[in-house]
Amino acid sequence: MSGVVIVVVDWVRLSFLMTSIVLPGEHVPAQHVNLKLGPGLVQLSAHRVSPNGQPIISARAGQLHHSANNSRWWVEGNARRYVPAPQESVIGVVLGRSGEGWRVDIGSAHPALLDGLAFEGATKRSKPNLKVGALVYARVSLAHKDMEPELECFDAQTHKAEGFGGLSGGFIVQCSLRMGRLLLDPKHFLLPFLGSRFPLEAAVGMNGRIWISTKEAKQTIAAIRCIEAVDPDGGGMDEGDVKKFFGRFEI
């Protein structure tokens with residue numbers, strides 16, 4: 001039976017709400033007992049808090065978004081390079097060993113560090129053996145402007161893999177950062193549509209990388225072309241146009 005398996009564990013699964021346009025340095029009214037800041041937002045230190053009591057400012061221009069319960073806030077811009085933020089899921093490429101772990105390319109300014117114990121069930125005697133060039137689906141556990149980002153391959157709450165870990169086979173599609181965020185929205189039509197046409201597994205990284213795995217090469221090609229066609233930085237097709245476009249493929 002055809003179906004889609006979307007391997008995503010991310011706060012962007014919460015409903016999207018656009019509130020306003022913000023500029024760098026503008027104060028943001030983000031308040032919540034469990035507040036989580038995403039890309040484009042910075043929390044000021046205590047002595048730099050503004051007179052109006054707002055400790056959160058925008059670090060870039062873009063659309064200000066927040067989740068339905070106001071616990072997650074981020075700025076959606078048109079940046080080309082990925083800037084890591086805690087709790088975001090990413091797809092990385094292993095560059096080489098680094099002590100007891102690996103250096104991983106996630107498309108950011110600096111490689112991320114993935115510890116050998118940052119996997120479900122990993123011990124000093126039993127750790128994954130990742131080769132150079134291997135693909136991993138991971139979660140950003142630490143992101144700071146003065147430090148290299150760090151990754152983990154398990155869910156922060158359950159400490160179970162929950163889909164994180166090495167990715168075998170398949171194909172990587174590079175897309176815009178905005179497209180990655182769009183596909184993480186459970187209401188977006190594209191991945192469910194493709195999954196209804198042929199068996200499909202997919203992992204979406206917020207760093208603009210999408211991993212897809214199908215049974216046949218022609219299905220992979222069709223999925224890639226449809227992703228490129230829907231990408232706002234590409235064709236920008238809507239659901240109706242994609243269905244017509246998909247009809248060109250002999251599947």
# chains A, B, ... in the order shown; residues from 1 in each chain; ligands from 1
call {"tool": "residues_around", "arguments": {"residues": "stretch 37-41 of chain A", "least_positions_apart": "2", "cutoff": "6 Å", "atoms": "only C-alpha atoms", "output": "list in words"}}
result
Ile57, Ser58, Ala59, Arg60, Arg72, Trp73, Trp74, Val75 and Ala85 of chain A
call {"tool": "closest_atom_pairs", "arguments": {"of": "stretch 183-238 of chain A", "to": "stretch 171-178 of chain A", "cutoff": "6 Å", "atoms": "only C-alpha atoms", "output": "tab-separated table"}}
result
residue	atom	partner	partner_atom	distance
A:Asn207	CA	A:Leu177	CA	5.9
A:Gly208	CA	A:Leu177	CA	4.5
A:Arg209	CA	A:Gln174	CA	4.8
A:Ile210	CA	A:Val173	CA	5.0
A:Trp211	CA	A:Ile172	CA	4.6
A:Ile212	CA	A:Phe171	CA	5.4
call {"tool": "residues_around", "arguments": {"residues": "stretch 227-235 of chain A", "least_positions_apart": "2", "cutoff": "12 Å", "atoms": "only C-alpha atoms", "output": "ChimeraX atom specification"}}
result
/A:78-80,172-183,188-191,193-194,202,204,208-212,220-225,237-246
call {"tool": "residues_around", "arguments": {"residues": "A:Ser71", "least_positions_apart": "3", "cutoff": "8 Å", "atoms": "only C-alpha atoms", "output": "VMD selection string"}}
result
chain A and resid 31 to 36 66 to 68
call {"tool": "atom_distance", "arguments": {"atom1": "atom CA of A:Ser20", "atom2": "atom CA of A:Leu44"}}
result
20.6 Å
call {"tool": "decode", "arguments": {"residues": "stretch 163-178 of chain A", "atoms": "all heavy atoms", "output": "PDB file, in the first residue's frame"}}
result
ATOM      1  N   GLY A 163      13.243   8.037  14.983  1.00  0.00           N
ATOM      2  CA  GLY A 163      13.527   8.369  13.588  1.00  0.00           C
ATOM      3  C   GLY A 163      14.888   8.986  13.357  1.00  0.00           C
ATOM      4  O   GLY A 163      15.361   9.056  12.218  1.00  0.00           O
ATOM      5  N   PHE A 164      15.549   9.470  14.410  1.00  0.00           N
ATOM      6  CA  PHE A 164      16.878  10.050  14.260  1.00  0.00           C
ATOM      7  C   PHE A 164      17.922   8.943  14.109  1.00  0.00           C
ATOM      8  O   PHE A 164      17.750   7.832  14.586  1.00  0.00           O
ATOM      9  CB  PHE A 164      17.224  10.909  15.474  1.00  0.00           C
ATOM     10  CG  PHE A 164      16.433  12.190  15.564  1.00  0.00           C
ATOM     11  CD1 PHE A 164      15.669  12.465  16.676  1.00  0.00           C
ATOM     12  CD2 PHE A 164      16.470  13.114  14.529  1.00  0.00           C
ATOM     13  CE1 PHE A 164      14.950  13.645  16.773  1.00  0.00           C
ATOM     14  CE2 PHE A 164      15.760  14.297  14.610  1.00  0.00           C
ATOM     15  CZ  PHE A 164      14.994  14.565  15.730  1.00  0.00           C
ATOM     16  N   GLY A 165      19.040   9.303  13.469  1.00  0.00           N
ATOM     17  CA  GLY A 165      20.125   8.344  13.294  1.00  0.00           C
ATOM     18  C   GLY A 165      20.629   8.353  11.865  1.00  0.00           C
ATOM     19  O   GLY A 165      20.381   9.288  11.090  1.00  0.00           O
ATOM     20  N   GLY A 166      21.350   7.291  11.499  1.00  0.00           N
ATOM     21  CA  GLY A 166      21.885   7.189  10.149  1.00  0.00           C
ATOM     22  C   GLY A 166      20.795   6.972   9.122  1.00  0.00           C
ATOM     23  O   GLY A 166      19.789   6.313   9.389  1.00  0.00           O
ATOM     24  N   LEU A 167      20.993   7.533   7.936  1.00  0.00           N
ATOM     25  CA  LEU A 167      20.062   7.366   6.820  1.00  0.00           C
ATOM     26  C   LEU A 167      20.741   6.500   5.769  1.00  0.00           C
ATOM     27  O   LEU A 167      21.810   6.857   5.264  1.00  0.00           O
ATOM     28  CB  LEU A 167      19.675   8.713   6.222  1.00  0.00           C
ATOM     29  CG  LEU A 167      18.925   9.680   7.158  1.00  0.00           C
ATOM     30  CD1 LEU A 167      18.760  11.038   6.481  1.00  0.00           C
ATOM     31  CD2 LEU A 167      17.568   9.112   7.540  1.00  0.00           C
ATOM     32  N   SER A 168      20.120   5.390   5.435  1.00  0.00           N
ATOM     33  CA  SER A 168      20.708   4.450   4.473  1.00  0.00           C
ATOM     34  C   SER A 168      20.014   4.570   3.124  1.00  0.00           C
ATOM     35  O   SER A 168      18.786   4.638   3.050  1.00  0.00           O
ATOM     36  CB  SER A 168      20.579   3.014   4.982  1.00  0.00           C
ATOM     37  OG  SER A 168      21.238   2.859   6.226  1.00  0.00           O
ATOM     38  N   GLY A 169      20.833   4.592   2.065  1.00  0.00           N
ATOM     39  CA  GLY A 169      20.258   4.679   0.731  1.00  0.00           C
ATOM     40  C   GLY A 169      19.577   6.019   0.518  1.00  0.00           C
ATOM     41  O   GLY A 169      19.901   7.023   1.123  1.00  0.00           O
ATOM     42  N   GLY A 170      18.592   6.006  -0.363  1.00  0.00           N
ATOM     43  CA  GLY A 170      17.829   7.212  -0.603  1.00  0.00           C
ATOM     44  C   GLY A 170      18.608   8.268  -1.366  1.00  0.00           C
ATOM     45  O   GLY A 170      19.705   8.028  -1.896  1.00  0.00           O
ATOM     46  N   PHE A 171      18.035   9.455  -1.402  1.00  0.00           N
ATOM     47  CA  PHE A 171      18.607  10.553  -2.179  1.00  0.00           C
ATOM     48  C   PHE A 171      18.366  11.857  -1.443  1.00  0.00           C
ATOM     49  O   PHE A 171      17.314  12.054  -0.843  1.00  0.00           O
ATOM     50  CB  PHE A 171      17.964  10.601  -3.573  1.00  0.00           C
ATOM     51  CG  PHE A 171      18.661  11.502  -4.547  1.00  0.00           C
ATOM     52  CD1 PHE A 171      19.693  11.015  -5.340  1.00  0.00           C
ATOM     53  CD2 PHE A 171      18.283  12.825  -4.682  1.00  0.00           C
ATOM     54  CE1 PHE A 171      20.343  11.851  -6.241  1.00  0.00           C
ATOM     55  CE2 PHE A 171      18.915  13.665  -5.580  1.00  0.00           C
ATOM     56  CZ  PHE A 171      19.955  13.176  -6.368  1.00  0.00           C
ATOM     57  N   ILE A 172      19.348  12.755  -1.487  1.00  0.00           N
ATOM     58  CA  ILE A 172      19.229  14.055  -0.822  1.00  0.00           C
ATOM     59  C   ILE A 172      18.825  15.125  -1.836  1.00  0.00           C
ATOM     60  O   ILE A 172      19.431  15.247  -2.903  1.00  0.00           O
ATOM     61  CB  ILE A 172      20.548  14.473  -0.148  1.00  0.00           C
ATOM     62  CG1 ILE A 172      20.765  13.664   1.120  1.00  0.00           C
ATOM     63  CG2 ILE A 172      20.534  15.959   0.195  1.00  0.00           C
ATOM     64  CD1 ILE A 172      19.834  14.037   2.255  1.00  0.00           C
ATOM     65  N   VAL A 173      17.800  15.878  -1.489  1.00  0.00           N
ATOM     66  CA  VAL A 173      17.355  17.005  -2.303  1.00  0.00           C
ATOM     67  C   VAL A 173      17.682  18.291  -1.551  1.00  0.00           C
ATOM     68  O   VAL A 173      17.340  18.428  -0.378  1.00  0.00           O
ATOM     69  CB  VAL A 173      15.842  16.945  -2.577  1.00  0.00           C
ATOM     70  CG1 VAL A 173      15.424  18.083  -3.503  1.00  0.00           C
ATOM     71  CG2 VAL A 173      15.449  15.600  -3.168  1.00  0.00           C
ATOM     72  N   GLN A 174      18.334  19.210  -2.225  1.00  0.00           N
ATOM     73  CA  GLN A 174      18.626  20.516  -1.633  1.00  0.00           C
ATOM     74  C   GLN A 174      17.502  21.471  -1.994  1.00  0.00           C
ATOM     75  O   GLN A 174      17.104  21.575  -3.158  1.00  0.00           O
ATOM     76  CB  GLN A 174      19.955  21.052  -2.157  1.00  0.00           C
ATOM     77  CG  GLN A 174      20.482  22.263  -1.398  1.00  0.00           C
ATOM     78  CD  GLN A 174      21.032  21.894  -0.033  1.00  0.00           C
ATOM     79  OE1 GLN A 174      21.688  20.862   0.127  1.00  0.00           O
ATOM     80  NE2 GLN A 174      20.779  22.744   0.956  1.00  0.00           N
ATOM     81  N   CYS A 175      16.960  22.157  -1.005  1.00  0.00           N
ATOM     82  CA  CYS A 175      15.877  23.098  -1.246  1.00  0.00           C
ATOM     83  C   CYS A 175      16.134  24.362  -0.440  1.00  0.00           C
ATOM     84  O   CYS A 175      17.109  24.458   0.309  1.00  0.00           O
ATOM     85  CB  CYS A 175      14.525  22.492  -0.876  1.00  0.00           C
ATOM     86  SG  CYS A 175      14.333  22.144   0.893  1.00  0.00           S
ATOM     87  N   SER A 176      15.262  25.353  -0.576  1.00  0.00           N
ATOM     88  CA  SER A 176      15.409  26.571   0.207  1.00  0.00           C
ATOM     89  C   SER A 176      15.050  26.286   1.658  1.00  0.00           C
ATOM     90  O   SER A 176      14.336  25.323   1.969  1.00  0.00           O
ATOM     91  CB  SER A 176      14.493  27.666  -0.346  1.00  0.00           C
ATOM     92  OG  SER A 176      13.127  27.320  -0.158  1.00  0.00           O
ATOM     93  N   LEU A 177      15.556  27.117   2.569  1.00  0.00           N
ATOM     94  CA  LEU A 177      15.227  26.940   3.982  1.00  0.00           C
ATOM     95  C   LEU A 177      13.729  27.090   4.203  1.00  0.00           C
ATOM     96  O   LEU A 177      13.138  26.381   5.028  1.00  0.00           O
ATOM     97  CB  LEU A 177      15.984  27.976   4.824  1.00  0.00           C
ATOM     98  CG  LEU A 177      17.514  27.918   4.756  1.00  0.00           C
ATOM     99  CD1 LEU A 177      18.115  28.982   5.668  1.00  0.00           C
ATOM    100  CD2 LEU A 177      18.030  26.530   5.146  1.00  0.00           C
ATOM    101  N   ARG A 178      13.117  27.985   3.468  1.00  0.00           N
ATOM    102  CA  ARG A 178      11.673  28.175   3.595  1.00  0.00           C
ATOM    103  C   ARG A 178      10.919  26.921   3.185  1.00  0.00           C
ATOM    104  O   ARG A 178       9.944  26.542   3.815  1.00  0.00           O
ATOM    105  CB  ARG A 178      11.236  29.361   2.749  1.00  0.00           C
ATOM    106  CG  ARG A 178       9.755  29.703   2.892  1.00  0.00           C
ATOM    107  CD  ARG A 178       9.365  30.878   2.026  1.00  0.00           C
ATOM    108  NE  ARG A 178       7.942  31.132   2.116  1.00  0.00           N
ATOM    109  CZ  ARG A 178       7.285  31.990   1.340  1.00  0.00           C
ATOM    110  NH1 ARG A 178       7.946  32.680   0.419  1.00  0.00           N
ATOM    111  NH2 ARG A 178       5.984  32.169   1.469  1.00  0.00           N
TER     112      ARG A 178
END
